[in-house]
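Enquirer: This is the content of input.pdb (PDB, C-alpha atoms):
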ATOM      1  CA  MET S   9      24.850 -44.977   9.119
ATOM      2  CA  ALA S  10      21.399 -45.506  10.574
ATOM      3  CA  ALA S  11      22.945 -47.138  13.656
ATOM      4  CA  GLY S  12      24.915 -43.975  14.223
ATOM      5  CA  GLU S  13      21.669 -42.057  14.168
ATOM      6  CA  LEU S  14      20.433 -44.188  17.004
ATOM      7  CA  GLU S  15      23.212 -43.256  19.401
ATOM      8  CA  GLY S  16      22.536 -41.643  22.744
ATOM      9  CA  GLY S  17      22.130 -37.964  23.380
ATOM     10  CA  LYS S  18      19.095 -35.711  23.303
ATOM     11  CA  PRO S  19      16.842 -37.746  20.992
ATOM     12  CA  LEU S  20      17.223 -40.821  23.198
ATOM     13  CA  SER S  21      16.530 -38.797  26.305
ATOM     14  CA  TRP S  22      13.354 -37.425  24.761
ATOM     15  CA  LEU S  23      12.413 -40.880  23.514
ATOM     16  CA  LEU S  24      12.685 -42.333  27.017
ATOM     17  CA  ASN S  25      10.556 -39.502  28.325
ATOM     18  CA  ALA S  26       7.883 -40.196  25.717
ATOM     19  CA  LEU S  27       8.028 -43.929  26.421
ATOM     20  CA  ALA S  28       7.565 -43.253  30.130
ATOM     21  CA  GLN S  29       4.584 -40.998  29.420
ATOM     22  CA  ASP S  30       3.025 -43.707  27.283
ATOM     23  CA  THR S  31       3.858 -46.787  29.364
ATOM     24  CA  PHE S  32       3.553 -45.500  32.923
ATOM     25  CA  HIS S  33       1.718 -42.193  33.002
ATOM     26  CA  GLY S  34      -1.037 -43.086  30.526
ATOM     27  CA  TYR S  35      -0.461 -40.165  28.163
ATOM     28  CA  PRO S  36      -2.457 -40.885  25.006
ATOM     29  CA  GLY S  37      -1.459 -40.596  21.363
ATOM     30  CA  ILE S  38       2.224 -41.452  21.503
ATOM     31  CA  THR S  39       2.678 -43.630  18.442
ATOM     32  CA  GLU S  40       5.741 -45.234  16.935
ATOM     33  CA  GLU S  41       5.449 -43.072  13.821
ATOM     34  CA  LEU S  42       5.146 -39.902  15.869
ATOM     35  CA  LEU S  43       8.295 -40.733  17.791
ATOM     36  CA  ARG S  44      10.248 -41.693  14.700
ATOM     37  CA  SER S  45       9.244 -38.638  12.684
ATOM     38  CA  GLN S  46       9.882 -36.236  15.554
ATOM     39  CA  LEU S  47      13.053 -37.710  17.033
ATOM     40  CA  TYR S  48      14.665 -39.930  14.425
ATOM     41  CA  PRO S  49      13.406 -38.733  11.030
ATOM     42  CA  GLU S  50      16.466 -40.116   9.192
ATOM     43  CA  VAL S  51      15.932 -43.655  10.474
ATOM     44  CA  PRO S  52      13.724 -45.931   8.356
ATOM     45  CA  PRO S  53      10.674 -47.407  10.132
ATOM     46  CA  GLU S  54      11.908 -51.019   9.828
ATOM     47  CA  GLU S  55      15.037 -50.076  11.803
ATOM     48  CA  PHE S  56      13.312 -47.820  14.265
ATOM     49  CA  ARG S  57      10.744 -50.414  15.317
ATOM     50  CA  PRO S  58      13.129 -52.925  16.929
ATOM     51  CA  PHE S  59      15.117 -50.089  18.475
ATOM     52  CA  LEU S  60      11.971 -48.684  20.088
ATOM     53  CA  ALA S  61      10.948 -52.133  21.326
ATOM     54  CA  LYS S  62      14.386 -52.628  22.853
ATOM     55  CA  MET S  63      14.296 -49.294  24.689
ATOM     56  CA  ARG S  64      10.761 -49.891  25.928
ATOM     57  CA  GLY S  65      11.738 -53.362  27.149
ATOM     58  CA  ILE S  66      14.762 -52.028  29.018
ATOM     59  CA  LEU S  67      12.737 -49.267  30.652
ATOM     60  CA  LYS S  68      10.011 -51.704  31.696
ATOM     61  CA  SER S  69      12.570 -54.123  33.167
ATOM     62  CA  ILE S  70      14.205 -51.375  35.189
ATOM     63  CA  ALA S  71      10.865 -50.049  36.470
ATOM     64  CA  SER S  72       9.429 -53.494  37.191
ATOM     65  CA  ALA S  73      12.388 -54.450  39.344
ATOM     66  CA  ASP S  74      12.482 -50.996  40.925
ATOM     67  CA  MET S  75      16.238 -51.087  40.484
ATOM     68  CA  ASP S  76      18.488 -49.223  42.809
ATOM     69  CA  PHE S  77      21.566 -47.608  41.308
ATOM     70  CA  ASN S  78      23.865 -50.592  41.831
ATOM     71  CA  GLN S  79      21.398 -52.939  40.182
ATOM     72  CA  LEU S  80      20.913 -50.417  37.397
ATOM     73  CA  GLU S  81      24.613 -50.178  36.626
ATOM     74  CA  ALA S  82      24.993 -53.968  36.632
ATOM     75  CA  PHE S  83      21.946 -54.384  34.399
ATOM     76  CA  LEU S  84      23.031 -51.738  31.892
ATOM     77  CA  THR S  85      26.586 -53.082  31.768
ATOM     78  CA  ALA S  86      25.191 -56.506  30.933
ATOM     79  CA  GLN S  87      23.068 -54.934  28.183
ATOM     80  CA  THR S  88      26.124 -53.319  26.609
ATOM     81  CA  LYS S  89      27.903 -56.666  26.481
ATOM     82  CA  LYS S  90      25.219 -58.740  24.837
ATOM     83  CA  GLN S  91      24.604 -59.265  21.132
ATOM     84  CA  GLY S  92      22.170 -56.665  19.790
ATOM     85  CA  GLY S  93      22.339 -54.821  23.079
ATOM     86  CA  ILE S  94      22.967 -51.144  23.708
ATOM     87  CA  THR S  95      25.985 -48.867  23.391
ATOM     88  CA  SER S  96      27.696 -47.361  26.411
ATOM     89  CA  ASP S  97      26.434 -43.911  25.323
ATOM     90  CA  GLN S  98      22.891 -45.202  25.352
ATOM     91  CA  ALA S  99      23.513 -46.844  28.738
ATOM     92  CA  ALA S 100      24.626 -43.500  30.145
ATOM     93  CA  VAL S 101      21.493 -41.741  28.871
ATOM     94  CA  ILE S 102      19.228 -44.480  30.260
ATOM     95  CA  SER S 103      20.988 -44.354  33.617
ATOM     96  CA  LYS S 104      20.612 -40.578  33.864
ATOM     97  CA  PHE S 105      16.949 -40.834  32.860
ATOM     98  CA  TRP S 106      16.090 -43.453  35.489
ATOM     99  CA  LYS S 107      17.823 -41.529  38.247
ATOM    100  CA  SER S 108      15.764 -38.420  37.598
ATOM    101  CA  HIS S 109      12.421 -40.085  36.794
ATOM    102  CA  LYS S 110      12.408 -43.105  39.102
ATOM    103  CA  THR S 111      10.205 -41.586  41.796
ATOM    104  CA  LYS S 112       7.547 -40.371  39.424
ATOM    105  CA  ILE S 113       7.446 -43.646  37.480
ATOM    106  CA  ARG S 114       7.191 -45.617  40.701
ATOM    107  CA  GLU S 115       4.321 -43.447  41.868
ATOM    108  CA  SER S 116       2.478 -44.110  38.601
ATOM    109  CA  LEU S 117       3.040 -47.845  38.956
ATOM    110  CA  MET S 118       1.655 -47.744  42.481
ATOM    111  CA  ASN S 119      -1.401 -45.816  41.284
ATOM    112  CA  GLN S 120      -1.958 -48.252  38.423
ATOM    113  CA  SER S 121      -1.880 -51.221  40.773
ATOM    114  CA  ARG S 122      -4.485 -49.722  43.093
ATOM    115  CA  TRP S 123      -7.893 -50.774  41.875
ATOM    116  CA  ASN S 124      -9.875 -49.234  44.697
ATOM    117  CA  SER S 125     -10.492 -45.516  44.846
ATOM    118  CA  GLY S 126      -7.680 -43.440  46.214
ATOM    119  CA  LEU S 127      -8.036 -40.477  48.512
ATOM    120  CA  ARG S 128      -7.354 -37.453  46.337
ATOM    121  CA  GLY S 129      -8.267 -34.720  48.747
ATOM    122  CA  LEU S 130      -9.941 -33.739  51.961
ATOM    123  CA  SER S 131     -11.546 -30.488  53.028
ATOM    124  CA  TRP S 132     -13.421 -29.724  56.188
ATOM    125  CA  ARG S 133     -15.399 -27.156  58.044
ATOM    126  CA  VAL S 134     -16.586 -26.881  61.622
ATOM    127  CA  ASP S 135     -19.962 -25.291  62.217
ATOM    128  CA  GLY S 136     -20.328 -23.771  65.631
ATOM    129  CA  LYS S 137     -23.152 -23.007  67.994
ATOM    130  CA  SER S 138     -25.986 -20.945  66.635
ATOM    131  CA  GLN S 139     -29.228 -19.598  67.864
ATOM    132  CA  SER S 140     -32.345 -18.256  66.320
ATOM    133  CA  ARG S 141     -34.814 -15.830  67.740
ATOM    134  CA  HIS S 142     -37.558 -18.281  66.823
ATOM    135  CA  SER S 143     -36.073 -21.472  68.118
ATOM    136  CA  ALA S 144     -34.694 -22.412  71.468
ATOM    137  CA  GLN S 145     -32.717 -25.214  69.872
ATOM    138  CA  ILE S 146     -28.985 -24.771  70.048
ATOM    139  CA  HIS S 147     -27.004 -26.775  67.546
ATOM    140  CA  THR S 148     -24.009 -28.605  68.859
ATOM    141  CA  PRO S 149     -20.808 -28.124  66.894
ATOM    142  CA  VAL S 150     -20.408 -30.366  63.895
ATOM    143  CA  ALA S 151     -17.543 -31.080  61.559
ATOM    144  CA  ILE S 152     -18.369 -31.410  57.894
ATOM    145  CA  ILE S 153     -15.762 -33.326  55.958
ATOM    146  CA  GLU S 154     -15.632 -33.710  52.219
ATOM    147  CA  LEU S 155     -13.555 -36.581  50.852
ATOM    148  CA  GLU S 156     -12.488 -36.535  47.225
ATOM    149  CA  LEU S 157     -12.156 -40.110  46.001
ATOM    150  CA  GLY S 158     -11.202 -41.455  42.615
ATOM    151  CA  LYS S 159     -10.047 -44.530  40.774
ATOM    152  CA  TYR S 160      -7.009 -44.454  38.507
ATOM    153  CA  GLY S 161      -7.827 -42.654  35.276
ATOM    154  CA  GLN S 162     -11.354 -41.757  36.368
ATOM    155  CA  GLU S 163     -13.000 -38.585  37.563
ATOM    156  CA  SER S 164     -13.351 -37.825  41.244
ATOM    157  CA  GLU S 165     -16.426 -38.425  43.292
ATOM    158  CA  PHE S 166     -17.111 -36.552  46.497
ATOM    159  CA  LEU S 167     -18.342 -37.939  49.781
ATOM    160  CA  CYS S 168     -19.591 -35.557  52.404
ATOM    161  CA  LEU S 169     -19.753 -36.650  56.036
ATOM    162  CA  GLU S 170     -21.014 -35.000  59.180
ATOM    163  CA  PHE S 171     -19.479 -35.681  62.587
ATOM    164  CA  ASP S 172     -20.243 -34.433  66.052
ATOM    165  CA  GLU S 173     -17.472 -34.119  68.609
ATOM    166  CA  VAL S 174     -18.061 -37.614  69.990
ATOM    167  CA  LYS S 175     -17.751 -39.155  66.558
ATOM    168  CA  VAL S 176     -14.602 -37.181  65.744
ATOM    169  CA  ASN S 177     -12.953 -38.541  68.861
ATOM    170  CA  GLN S 178     -14.054 -42.091  68.047
ATOM    171  CA  ILE S 179     -12.469 -41.781  64.614
ATOM    172  CA  LEU S 180      -9.311 -40.356  66.170
ATOM    173  CA  LYS S 181      -9.059 -43.392  68.413
ATOM    174  CA  THR S 182      -9.435 -45.707  65.418
ATOM    175  CA  LEU S 183      -6.813 -43.783  63.464
ATOM    176  CA  SER S 184      -4.371 -44.062  66.357
ATOM    177  CA  GLU S 185      -4.826 -47.858  66.191
ATOM    178  CA  VAL S 186      -3.989 -47.729  62.496
ATOM    179  CA  GLU S 187      -0.886 -45.708  63.243
ATOM    180  CA  GLU S 188       0.188 -48.240  65.846
ATOM    181  CA  SER S 189      -0.140 -51.011  63.268
ATOM    182  CA  ILE S 190       1.945 -49.048  60.807
ATOM    183  CA  SER S 191       4.675 -48.532  63.416
ATOM    184  CA  THR S 192       4.690 -52.258  64.160
ATOM    185  CA  LEU S 193       4.960 -53.094  60.466
ATOM    186  CA  ILE S 194       7.780 -50.638  59.848
ATOM    187  CA  SER S 195       9.745 -51.783  62.852
ATOM    188  CA  GLN S 196       9.645 -55.430  61.764
ATOM    189  CA  PRO S 197      12.762 -56.614  59.953
ATOM    190  CA  ASN S 198      12.042 -58.230  56.561
TER     191      ASN S 198
ATOM    192  CA  MET E   1     -23.169 -45.155  43.311
ATOM    193  CA  GLY E   2     -24.624 -41.666  42.824
ATOM    194  CA  PHE E   3     -23.579 -39.676  45.819
ATOM    195  CA  PRO E   4     -24.963 -36.172  45.463
ATOM    196  CA  CYS E   5     -22.454 -33.446  44.850
ATOM    197  CA  TYR E   6     -21.847 -31.483  47.972
ATOM    198  CA  VAL E   7     -23.062 -27.935  47.622
ATOM    199  CA  ARG E   8     -21.506 -25.840  50.296
ATOM    200  CA  PRO E   9     -24.193 -23.732  51.935
ATOM    201  CA  MET E  10     -21.903 -20.774  52.292
ATOM    202  CA  ARG E  11     -24.685 -18.316  52.986
ATOM    203  CA  GLN E  12     -26.122 -20.628  55.594
ATOM    204  CA  ALA E  13     -22.740 -21.032  57.161
ATOM    205  CA  ALA E  14     -22.429 -17.283  57.426
ATOM    206  CA  ARG E  15     -25.512 -16.920  59.570
ATOM    207  CA  GLY E  16     -24.449 -16.767  63.136
ATOM    208  CA  ARG E  17     -21.953 -19.585  62.921
ATOM    209  CA  THR E  18     -18.232 -19.689  63.415
ATOM    210  CA  TRP E  19     -16.329 -21.722  60.927
ATOM    211  CA  LYS E  20     -12.802 -22.550  59.939
ATOM    212  CA  ARG E  21     -11.979 -24.251  56.667
ATOM    213  CA  LYS E  22      -8.813 -25.810  55.371
ATOM    214  CA  ARG E  23      -8.172 -27.651  52.145
ATOM    215  CA  TRP E  24      -5.761 -30.511  51.746
ATOM    216  CA  SER E  25      -5.187 -32.070  48.392
ATOM    217  CA  GLY E  26      -3.025 -35.090  47.555
ATOM    218  CA  GLY E  27      -0.965 -35.038  50.683
ATOM    219  CA  VAL E  28       0.085 -31.427  50.454
ATOM    220  CA  LEU E  29      -1.624 -28.766  52.450
ATOM    221  CA  SER E  30      -2.484 -26.157  49.854
ATOM    222  CA  SER E  31      -3.862 -22.687  50.431
ATOM    223  CA  PRO E  32      -4.386 -21.900  54.095
ATOM    224  CA  GLY E  33      -8.123 -21.415  53.682
ATOM    225  CA  ARG E  34     -10.156 -18.840  55.433
ATOM    226  CA  LYS E  35      -9.652 -17.757  58.969
ATOM    227  CA  SER E  36     -12.269 -18.322  61.621
ATOM    228  CA  GLN E  37     -14.923 -15.695  61.614
ATOM    229  CA  THR E  38     -17.890 -14.918  63.799
ATOM    230  CA  LEU E  39     -20.657 -13.015  62.099
ATOM    231  CA  PRO E  40     -23.413 -11.081  63.788
ATOM    232  CA  MET E  41     -26.597 -12.989  64.579
ATOM    233  CA  GLU E  42     -29.320 -12.292  62.094
ATOM    234  CA  ALA E  43     -32.952 -12.280  62.973
ATOM    235  CA  SER E  44     -34.829 -14.524  60.626
ATOM    236  CA  SER E  45     -38.519 -14.755  60.026
ATOM    237  CA  GLU E  46     -38.175 -18.379  58.890
ATOM    238  CA  PRO E  47     -36.641 -21.343  60.655
ATOM    239  CA  PRO E  48     -32.968 -21.783  59.671
ATOM    240  CA  LEU E  49     -32.515 -24.241  56.807
ATOM    241  CA  ASP E  50     -30.527 -27.288  57.628
ATOM    242  CA  ALA E  51     -29.051 -27.658  54.165
ATOM    243  CA  LYS E  52     -26.421 -30.020  55.441
ATOM    244  CA  SER E  53     -28.867 -32.858  56.044
ATOM    245  CA  ASP E  54     -29.720 -33.145  52.352
ATOM    246  CA  VAL E  55     -26.146 -33.358  51.163
ATOM    247  CA  THR E  56     -24.160 -34.883  53.955
ATOM    248  CA  ASN E  57     -24.023 -38.418  55.227
ATOM    249  CA  GLN E  58     -23.642 -39.887  58.671
ATOM    250  CA  LEU E  59     -20.821 -42.309  59.273
ATOM    251  CA  VAL E  60     -22.197 -45.613  60.513
ATOM    252  CA  ASP E  61     -19.049 -47.720  60.530
ATOM    253  CA  PHE E  62     -15.327 -47.328  59.852
ATOM    254  CA  GLN E  63     -13.296 -50.452  59.084
ATOM    255  CA  TRP E  64      -9.675 -50.537  58.121
ATOM    256  CA  LYS E  65      -6.848 -52.827  57.199
ATOM    257  CA  LEU E  66      -3.156 -52.348  56.673
ATOM    258  CA  GLY E  67      -1.941 -54.131  53.542
ATOM    259  CA  MET E  68       1.328 -54.566  51.710
ATOM    260  CA  ALA E  69       1.369 -54.578  47.908
ATOM    261  CA  VAL E  70       4.139 -56.950  46.910
ATOM    262  CA  SER E  71       3.986 -57.514  43.177
ATOM    263  CA  SER E  72       1.750 -57.039  40.147
ATOM    264  CA  ASP E  73       1.670 -57.843  36.450
ATOM    265  CA  THR E  74       3.090 -54.412  35.614
ATOM    266  CA  CYS E  75       5.585 -54.211  38.453
ATOM    267  CA  ARG E  76       7.308 -57.199  40.003
ATOM    268  CA  SER E  77       8.657 -55.191  42.877
ATOM    269  CA  LEU E  78       5.931 -52.965  44.303
ATOM    270  CA  LYS E  79       6.747 -53.273  48.004
ATOM    271  CA  TYR E  80       4.543 -50.563  49.434
ATOM    272  CA  PRO E  81       2.264 -50.614  52.467
ATOM    273  CA  TYR E  82      -1.185 -49.042  52.230
ATOM    274  CA  VAL E  83      -4.202 -48.412  54.445
ATOM    275  CA  ALA E  84      -7.522 -49.656  53.046
ATOM    276  CA  VAL E  85     -10.670 -48.127  54.534
ATOM    277  CA  MET E  86     -14.263 -49.267  54.253
ATOM    278  CA  LEU E  87     -16.877 -46.725  55.325
ATOM    279  CA  LYS E  88     -20.549 -47.445  55.872
ATOM    280  CA  VAL E  89     -22.477 -44.210  55.474
ATOM    281  CA  ALA E  90     -26.169 -43.378  55.838
ATOM    282  CA  ASP E  91     -27.798 -40.632  53.815
ATOM    283  CA  HIS E  92     -30.690 -38.475  55.003
ATOM    284  CA  SER E  93     -33.220 -41.175  54.117
ATOM    285  CA  GLY E  94     -31.402 -43.732  56.218
ATOM    286  CA  GLN E  95     -30.128 -45.732  53.272
ATOM    287  CA  VAL E  96     -26.735 -47.232  54.031
ATOM    288  CA  LYS E  97     -24.004 -47.438  51.410
ATOM    289  CA  THR E  98     -20.436 -48.713  51.470
ATOM    290  CA  LYS E  99     -17.473 -46.683  50.279
ATOM    291  CA  CYS E 100     -13.967 -48.091  49.997
ATOM    292  CA  PHE E 101     -10.732 -46.303  49.371
ATOM    293  CA  GLU E 102      -6.998 -46.687  49.906
ATOM    294  CA  MET E 103      -4.271 -44.417  51.166
ATOM    295  CA  THR E 104      -0.511 -44.618  50.995
ATOM    296  CA  ILE E 105       1.226 -44.187  54.332
ATOM    297  CA  PRO E 106       2.029 -40.478  53.772
ATOM    298  CA  GLN E 107      -1.599 -39.896  52.725
ATOM    299  CA  PHE E 108      -2.808 -41.654  55.878
ATOM    300  CA  GLN E 109      -0.528 -39.531  58.033
ATOM    301  CA  ASN E 110      -1.958 -36.372  56.506
ATOM    302  CA  PHE E 111      -5.488 -37.768  56.986
ATOM    303  CA  TYR E 112      -4.759 -38.412  60.655
ATOM    304  CA  ARG E 113      -3.221 -34.957  61.073
ATOM    305  CA  GLN E 114      -6.315 -33.331  59.585
ATOM    306  CA  PHE E 115      -8.586 -35.202  61.999
ATOM    307  CA  LYS E 116      -6.468 -34.089  64.942
ATOM    308  CA  GLU E 117      -6.857 -30.516  63.744
ATOM    309  CA  ILE E 118     -10.616 -30.955  63.387
ATOM    310  CA  ALA E 119     -10.785 -32.335  66.921
ATOM    311  CA  ALA E 120      -8.811 -29.383  68.247
ATOM    312  CA  VAL E 121     -11.119 -26.892  66.530
ATOM    313  CA  ILE E 122     -14.388 -28.614  67.411
ATOM    314  CA  GLU E 123     -13.354 -28.682  71.051
ATOM    315  CA  THR E 124     -12.994 -24.912  71.163
ATOM    316  CA  VAL E 125     -16.228 -24.052  69.367
TER     317      VAL E 125
END
Mind converting the file's structure to structure tokens?

Expert:
Amino acid sequence: MAAGELEGGKPLSWLLNALAQDTFHGYPGITEELLRSQLYPEVPPEEFRPFLAKMRGILKSIASADMDFNQLEAFLTAQTKKQGGITSDQAAVISKFWKSHKTKIRESLMNQSRWNSGLRGLSWRVDGKSQSRHSAQIHTPVAIIELELGKYGQESEFLCLEFDEVKVNQILKTLSEVEESISTLISQPN
Amino acid sequence: MGFPCYVRPMRQAARGRTWKRKRWSGGVLSSPGRKSQTLPMEASSEPPLDAKSDVTNQLVDFQWKLGMAVSSDTCRSLKYPYVAVMLKVADHSGQVKTKCFEMTIPQFQNFYRQFKEIAAVIETV
């Protein structure tokens, strides 16, 4: 009877969502007891625990291998055939879940594996020429750029830089070299 | 690390300067920002404050590398290229600090696009 409770459908879909939030997106406070009581209240804890571990393991395997849809189907079919595996209903729910959440999960995995700061934002301003009645000095135009940087799970820090026109063009030249490298990398067969 | 928070001297910027501001966040260009404006010159009895020099840094060096993340303990199949940047920046006292960060390829392309826009604007001012 309990096994029937653990079939696919909405509870499994929500469970996978919660597992993804916990495992990949770092959402705090998602405990086994919370999931069981909210999604599978009729299932005793000693049955729910291995079921949860199995679903988490399957989700992690799929995400770790970054499976495309062919690989996914082959993997899930194999899971339905093995002892203590999953039902075909459950396989269908998992398949649907991965197809709609793959991009977001992959993005989280990429963020988690980046240990340097990432670039979260950029804003800029150009200050133009100005004069004062009391000073003959004329300011040359400057660009003020604010970079928002931050490590995974940490608050942003802001770096403010000032560039004159010469410097802006020097940076542009450097960035065009970067772009050339990227084009070379992308065009290489692997 | 302790970089000071940047306080935008909006009132200073308004005095006799033209400015154009755009905000980009996370690879998506968000609100268009304010349009360029030229405000009338104001006579001032004091020398204009250069607030920027206390809160902004000068770029001393820009180094970069293009890397490819292949695999990690949490994901066996990462397979994504990234641009890693190391900046050397000098504050108003001349002290030089290093700042490192990474960008995905789409983030880099937006970064490059923003610099092209800055160059276009600074040329016309």

Enquirer: Applying 9 Å and all atoms listed in the file, which residues near Ser21 in chain S remain after dropping the ones on its own chain fewer than 5 positions away? List them as a PyMOL selection string.

Expert: chain S and resi 16+26+101-102+104-105

Enquirer: How close does each residue of range 85-116 of chain E get to range 146-167 of chain S, giving the shortest atom pair and distance in Å to one decimal for every residue with an atom at most 10 Å away, counting all atoms listed in the file, sorted by chain and residue number, as a tab-separated table?

Expert:
residue	atom	partner	partner_atom	distance
E:Val89	CA	S:Leu167	CA	9.4
E:Lys99	CA	S:Leu167	CA	8.8
E:Cys100	CA	S:Leu157	CA	9.1
E:Phe101	CA	S:Leu157	CA	7.2
E:Glu102	CA	S:Leu157	CA	9.2
E:Phe115	CA	S:Ile153	CA	9.6

Enquirer: Would you write out those residues with C-alpha atoms, as a PDB file, in the frame of the given file?

Expert:
ATOM      1  CA  VAL E  89     -22.477 -44.210  55.474  1.00  0.00           C
ATOM      2  CA  LYS E  99     -17.473 -46.683  50.279  1.00  0.00           C
ATOM      3  CA  CYS E 100     -13.967 -48.091  49.997  1.00  0.00           C
ATOM      4  CA  PHE E 101     -10.732 -46.303  49.371  1.00  0.00           C
ATOM      5  CA  GLU E 102      -6.998 -46.687  49.906  1.00  0.00           C
ATOM      6  CA  PHE E 115      -8.586 -35.202  61.999  1.00  0.00           C
TER       7      PHE E 115
END

Enquirer: So what does the PyMOL selection byres ((chain E and resi 57-69) around 8) actually pick up in this one, as an mmCIF file with C-alpha atoms, in the coordinates of the input?

Expert:
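expr.cif, written as the output of this step:
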data_model
loop_
_atom_site.group_PDB
_atom_site.id
_atom_site.type_symbol
_atom_site.label_atom_id
_atom_site.label_comp_id
_atom_site.auth_asym_id
_atom_site.auth_seq_id
_atom_site.Cartn_x
_atom_site.Cartn_y
_atom_site.Cartn_z
ATOM 1 C CA LEU S 167 -18.342 -37.939 49.781
ATOM 2 C CA CYS S 168 -19.591 -35.557 52.404
ATOM 3 C CA LEU S 169 -19.753 -36.650 56.036
ATOM 4 C CA GLU S 170 -21.014 -35.000 59.180
ATOM 5 C CA PHE S 171 -19.479 -35.681 62.587
ATOM 6 C CA ILE S 179 -12.469 -41.781 64.614
ATOM 7 C CA VAL S 186 -3.989 -47.729 62.496
ATOM 8 C CA SER S 189 -0.140 -51.011 63.268
ATOM 9 C CA ILE S 190 1.945 -49.048 60.807
ATOM 10 C CA SER E 53 -28.867 -32.858 56.044
ATOM 11 C CA VAL E 55 -26.146 -33.358 51.163
ATOM 12 C CA THR E 56 -24.160 -34.883 53.955
ATOM 13 C CA VAL E 70 4.139 -56.950 46.910
ATOM 14 C CA SER E 71 3.986 -57.514 43.177
ATOM 15 C CA LEU E 78 5.931 -52.965 44.303
ATOM 16 C CA LYS E 79 6.747 -53.273 48.004
ATOM 17 C CA TYR E 80 4.543 -50.563 49.434
ATOM 18 C CA PRO E 81 2.264 -50.614 52.467
ATOM 19 C CA TYR E 82 -1.185 -49.042 52.230
ATOM 20 C CA VAL E 83 -4.202 -48.412 54.445
ATOM 21 C CA ALA E 84 -7.522 -49.656 53.046
ATOM 22 C CA VAL E 85 -10.670 -48.127 54.534
ATOM 23 C CA MET E 86 -14.263 -49.267 54.253
ATOM 24 C CA LEU E 87 -16.877 -46.725 55.325
ATOM 25 C CA LYS E 88 -20.549 -47.445 55.872
ATOM 26 C CA VAL E 89 -22.477 -44.210 55.474
ATOM 27 C CA ALA E 90 -26.169 -43.378 55.838
ATOM 28 C CA ASP E 91 -27.798 -40.632 53.815
ATOM 29 C CA HIS E 92 -30.690 -38.475 55.003
#

Enquirer: Here is a test: counting all atoms listed in the file, which residue of S:Leu23, S:Met75, S:Lys89, S:Glu40 is nearest to Met63 in chain S?

Expert: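 Of the candidates, the smallest distance to Met63 in chain S is held by S:Leu23.
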
Enquirer: Have a look at CA of Glu115 in chain S and CA of Leu130 in chain S and let me know their distance in Å, one decimal.

Expert: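 Straight-line distance from CA of Glu115 in chain S to CA of Leu130 in chain S works out to 20.0 Å.
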
Enquirer: Convert the output of the PyMOL selection byres ((chain S and resi 43) around 10) on the shown file into explicit residues, formatted as a PyMOL selection string.

Expert: chain S and resi 19+22-23+26-27+38-42+44-49+56+60

Enquirer: Using all atoms listed in the file, which protein or nucleic acid residues come within 12 Å of range 72-76 of chain E? Drop anything in the same chain fewer than 6 positions from it, and give the result as a ChimeraX atom specification.

Expert: /S:31-32,67-75,113-123

Enquirer: For the PyMOL selection byres ((chain E and resi 121) around 10), applied here, can you spell out every residue it catches as JSON, numbers by chain?

Expert: {"S": [133, 134, 135, 136, 149, 151, 173], "E": [19, 20, 36, 115, 116, 117, 118, 119, 120, 122, 123, 124, 125]}

Enquirer: Tell me, in Å to one decimal, how far CA of Asp76 in chain S is from CA of Lys107 in chain S.

Expert: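 So the answer is 9.0 Å.
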
Enquirer: For chain E, which residue out of S:Thr95, S:Ser131, S:Gln196, S:Ser108 is the nearest one, using all atoms listed in the file?

Expert: S:Ser131

Enquirer: For range 108-124 of chain S, what centre and edge lengths in Å (one decimal) does the axis-aligned box get once 6 Å is added on each side of all its listed atoms, as JSON?

Expert:
{"center_x": 2.9, "center_y": -44.8, "center_z": 40.7, "size_x": 37.6, "size_y": 24.8, "size_z": 19.9}

Enquirer: Work out how far CA of Phe77 in chain S is from CA of Arg57 in chain S, in Å to one decimal.

Expert: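 Distance reported for this atom pair: 28.3 Å.
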